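*Asks:* I am attaching a structure below and will ask some questions about it afterwards.
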Amino acid sequence: MKFQESTLPKDLYYLFNPRGLAVVGASSDPSKIGHTILKNIIEGGYSGNIYPVNPKKGIILGKKVFARLTEVNSQIDVCVISVPALVVFDVLKDCAIKKIPFVLIISSGFSEIGNKEEEEKIKNFAKESGIRLLGPNIFGIFSAKSYLNATFSGSCVSRGSVAMISQSGALGLSLMAKSVSESFGLSAMVSLGNKADLDESDFLEYFGKDKTAKEIFIYIEGVTDGERFFRTLSKVAGKKLVLIIKSGSSVRGAAAAFSHTGSLAGEDIVFDSLISQAGAIRVTDLNQAFSLLNLHSLAGDVKKSETLIVTNGGGVGVLASDSAEKFNVPLFSDLNYLKNKYGAFIPSFGSVKNPIDITGQALAEDYLKILEASLKDPKIKILVCLCCQTAILDNRKLSKYLLRVASKFKKARKNFIFCFIGARDIESHFRNQKYPFYQSVESVFSDISKLNKEKNLVSKSKVLAKLPYKEINNLLENVAMEKRNTLYSFELAELLDKLSINRPKSFFSEEYKDALNSAKKIGFPVVLKIVSKNIIHKTEAGGVKLDIKNELEFKKSFNRLMQDAGRYDSHAIIEGVDVSEMVSGGFELIVGAKKDPIFGTLITCGMGGKYVDIFKDISLRHFDGVKETIFQMFNELKIRPILRGFRGESSMDIPSAVEVVYKLGSLVDKSDLVKEIEINPLIIEKDKVIALDFRVIL
């Protein structure tokens with residue numbers, strides 16, 4: 001049975017809020033997954049209709065059991081399938097008959113063990129039948145709004161504001177359990193499994209619109225559609241906190257890349273850069289994720305404001321100041337204001353600077369006074385309270401006061417963060433009240449720094465550079481017809497001219513005599529470069545000879561060029577040499593673009609020349625067709641002070657360099673032929689840029 005394409009449910013609302021739900025494979029045996037899922041659904045408080053399905057019929061957990069789905073006469077929005085893999089397809093056919101819009105396949109035994117054919121079979125049938133699949137090989141879903149726990153986890157789940165998406169089943173179940181012991185709770189949880197249909201982008205989009213989800217935490221090993229994921233993430237992360245853990249980080253294959261742009265844009269570097277560009281936060285471990293979720297679920301976004309620190313220890317205050325500087329967290333700096341506002345609460349031997357030091361003689365009541373004063377202070381938006389264990393400080397009384405103040409800070413929409421040094425005995429007080437408990441000063445400021453990142457503006461439409469794309473495509477098609485994946489120097493020169501990118505005057509020559517005449521025509525000094533489709537990195541091959549000042553040097557350099565190229569690759573086919581004018585001065589950049597198979601067009605810029613692989617001062621972005629993005633890339637480079645004018649030197653022509661990156665990104669994005677394109681070096685001077693070495697990979 002086939003449904004019209006329009007019947008496909010675009011919104012996942014009824015997946016998380018089903019009016020009726022069936023469990024195929026429900027069992028009376030407590031050791032079976034089908035039993036645990038049904039038990040969790042019932043005990044979780046789900047109020048919709050529940051239909052257990054098992055050929056044996058009978059009663060399970062007080063519910064009437066149906067032999068087949070087709071025996072159920074009522075509406076079913078979600079079917080949970082927990083049967084052997086070979087039976088899944090038959091159940092799916094019954095789902096199509098019943099016009100069930102959502103199917104959760106708990107069953108394993110598909111592509112994860114090499115059974116791709118069966119997975120494709122159910123995937124194609126579901127698509128034809130208007131069914132959206134989740135799975136196979138999942139642990140289920142949880143929805144706090146509908147009190148639905150359709151998983152085989154422990155039945156205890158803490159309700160809250162965090163929506164979780166997990167590609168790992170075991171990890172996902174652990175995260176559900178962890179939500180109980182942490183300060184945050186879950187608004188929803190979804191297991192992705194093999195992602196035969198619904199994937200991370202579908203749920204990210206849904207949770208982005210779901211008002212009950214204030215934070216989104218994602219664990220993935222890889223993305224299905226990189227460009228869609230990036231677009232969706234950019235929209236959602238502009239409104240909500242999105243944390244991502246991606247496992248499987250790898251740099252394998254980078255050494256085989258044709259260009260520096262390819263090797264520097266390894267899978268993990270690409271993912272890291274794009275996550276940051278989208279405005280999300282990539283975390284490296286679960287503890288860091290839980291810490292950020294705890295803090296955000298408590299107080300929401302950390303305001304972009306100066307922070308005030310209160311401590312009872314000078315040493316820990318110094319550590320806090322150092323951490324604030326390390327993580328670029330601004331501290332409240334009006335010392336006269338602090339003295340007038342808080343001086344009355346500080347002992348004469350204390351300090352009213354920031355950090356405010358109320359000294360080791362402070363009692364719980366002393367903390368309370370200054371904290372309540374800061375609560376009423378309109379200039380203080382973020383307060384960090386540091387407490388060191390002392391012989392006279394009553395930690396239990398202090399924790400009581402802190403929790404009382406914390407609730408007031410939350411109502412006032414201010415951020416209140418406290419950190420105890422050496423007082424684990426009171427941790428449970430804060431955990432029970434769902435408040436984060438810090439014991440590391442550095443962790444406090446690391447988290448503040450991450451949460452007060454500026455939200456990125458999302459470009460609504462991509463605008464490409466105005467280039468003669470038809471002429472460029474004709475040039476590239478001629479190269480492709482000759483079954484070459486690289487361009488000769490004269491073709492590269494033509495392409496640069498079509499891109500209106502400055503280049504040195506140059507000529508291609510097949511023989512020594514023609515090369516010498518070209519050098520004379522240009523005028524010494526000149527540069528010699530080997531031309532071979534087999535030699536991509538010319539400098540490594542000894543295929544570049546610089547600053548050749550006369551005919552005698554030219555002859556020696558030509559012979560040495562051929563010898564070095566032959567030693568580098570004895571099988572390389574040498575088409576000839578490129579003779580160009582010698583350009584000196586300026587600063588060497590690398591700029592480029594590549595077509596990533598997952599994320600689409602990427603652009604790079606950074607410190608260029610032969611040391612690019614050593615310093616790796618590179619910025620990478622998804623190409624969004626916005627020049628402002630490229631300016632941001634140059635601003636985050638370590639060489640920025642040099643480009644801006646260092647110690648009285650003139651600033652360099654960054655706008656022209658931005659224009660070059662914009663053109664390269666536009667070409668790669670527009671062309672179906674270009675895989676990678678790179679200029680290294682691109683010489684930047686105070687009033688121009690010049691492309692010295694250009695390479696294109698088809």
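Labels used: A, B, ... for chains in the order of the structure tokens, numbers from 1 for residues in each chain, and numbers from 1 for ligands as shown.
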Do you have, as JSON lines, the list of residues of stretch 33-150 of chain A lying at most 12 Å from stretch 206-229 of chain A, each with its nearest atom pair and that distance in Å to one decimal, counting only C-alpha atoms and ordered by chain then number?
*Replies:*
{"residue": "A:Ser143", "atom": "CA", "partner": "A:Thr212", "partner_atom": "CA", "distance": 10.1}
{"residue": "A:Ala144", "atom": "CA", "partner": "A:Thr212", "partner_atom": "CA", "distance": 8.8}
{"residue": "A:Lys145", "atom": "CA", "partner": "A:Thr212", "partner_atom": "CA", "distance": 7.8}
{"residue": "A:Ser146", "atom": "CA", "partner": "A:Thr212", "partner_atom": "CA", "distance": 11.4}
*Asks:* Using only C-alpha atoms, which of A:Ser532, A:Asn328, A:Asn415, A:Asn336 sits nearest A:Glu442?
*Replies:*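 Closest to A:Glu442, using only C-alpha atoms: A:Asn328.
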*Asks:* Could you name the residues that touch A:Ala289 at 10 Å or less, counting only C-alpha atoms, but leaving out those on the same chain fewer than 2 positions away, as a count of residues only?
*Replies:* 17
*Asks:* Here is a test: counting only C-alpha atoms, which residue of A:Gly317, A:Val384, A:Asp377, A:Lys178 is nearest to A:Thr359?
*Replies:* A:Gly317
*Asks:* Please provide the set of residues having any atom within 10 Å of stretch 343-350 of chain A, restricted to only C-alpha atoms, with same-chain residues fewer than 3 positions apart removed, written as an mmCIF file with C-alpha atoms, in the first residue's frame.
*Replies:*
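What landed in out11.cif:
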data_model
loop_
_atom_site.group_PDB
_atom_site.id
_atom_site.type_symbol
_atom_site.label_atom_id
_atom_site.label_comp_id
_atom_site.auth_asym_id
_atom_site.auth_seq_id
_atom_site.Cartn_x
_atom_site.Cartn_y
_atom_site.Cartn_z
ATOM 1 C CA ASN A 312 37.423 34.036 51.739
ATOM 2 C CA GLY A 313 40.918 33.164 50.541
ATOM 3 C CA GLY A 314 43.513 35.413 48.891
ATOM 4 C CA ASN A 336 35.936 52.932 43.647
ATOM 5 C CA TYR A 337 32.382 51.700 43.134
ATOM 6 C CA LEU A 338 33.204 48.400 44.871
ATOM 7 C CA LYS A 339 34.804 50.210 47.802
ATOM 8 C CA ASN A 340 31.787 52.455 48.309
ATOM 9 C CA LYS A 353 39.224 44.917 44.909
ATOM 10 C CA ILE A 356 36.573 40.832 47.023
ATOM 11 C CA ASP A 357 38.379 39.048 49.889
ATOM 12 C CA ILE A 358 36.277 38.759 53.044
ATOM 13 C CA THR A 359 39.210 36.804 54.584
ATOM 14 C CA GLY A 360 39.511 33.443 56.261
ATOM 15 C CA GLN A 361 37.745 34.777 59.375
ATOM 16 C CA ALA A 362 34.469 35.081 57.488
ATOM 17 C CA ASP A 366 29.348 37.440 56.462
ATOM 18 C CA TYR A 367 28.879 35.689 53.131
ATOM 19 C CA LYS A 369 25.403 39.952 53.861
ATOM 20 C CA ILE A 370 27.636 40.613 50.894
ATOM 21 C CA ALA A 373 23.982 43.286 48.744
#
*Asks:* From a DSSP pass on the backbone, collect the residues of stretch 74-262 of chain A flagged as alpha helix (DSSP H) and hand them back as a VMD selection string.
*Replies:* chain A and resid 85 to 97 116 to 129 169 to 181 200 to 209 226 to 237 260 to 262
*Asks:* Hey, what's within 8 Å of A:Gly20 if we count only C-alpha atoms and toss same-chain stuff fewer than 5 positions away? As a ChimeraX atom specification, please?
*Replies:* /A:48-51,74-78
*Asks:* Just the residues within 8 Å of A:Gly586, please, counting only C-alpha atoms, with nothing from its chain fewer than 4 positions along; format it as a list of chain:residue names.
*Replies:*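 The residues that qualify are A:Ile683, A:Ile684, A:Glu685, A:Lys686.
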*Asks:* Of the candidates A:Val612, A:Val310, A:Leu664, A:Ala412, which shows the shortest atom-to-atom distance to A:Ser500, using only C-alpha atoms?
*Replies:* A:Leu664
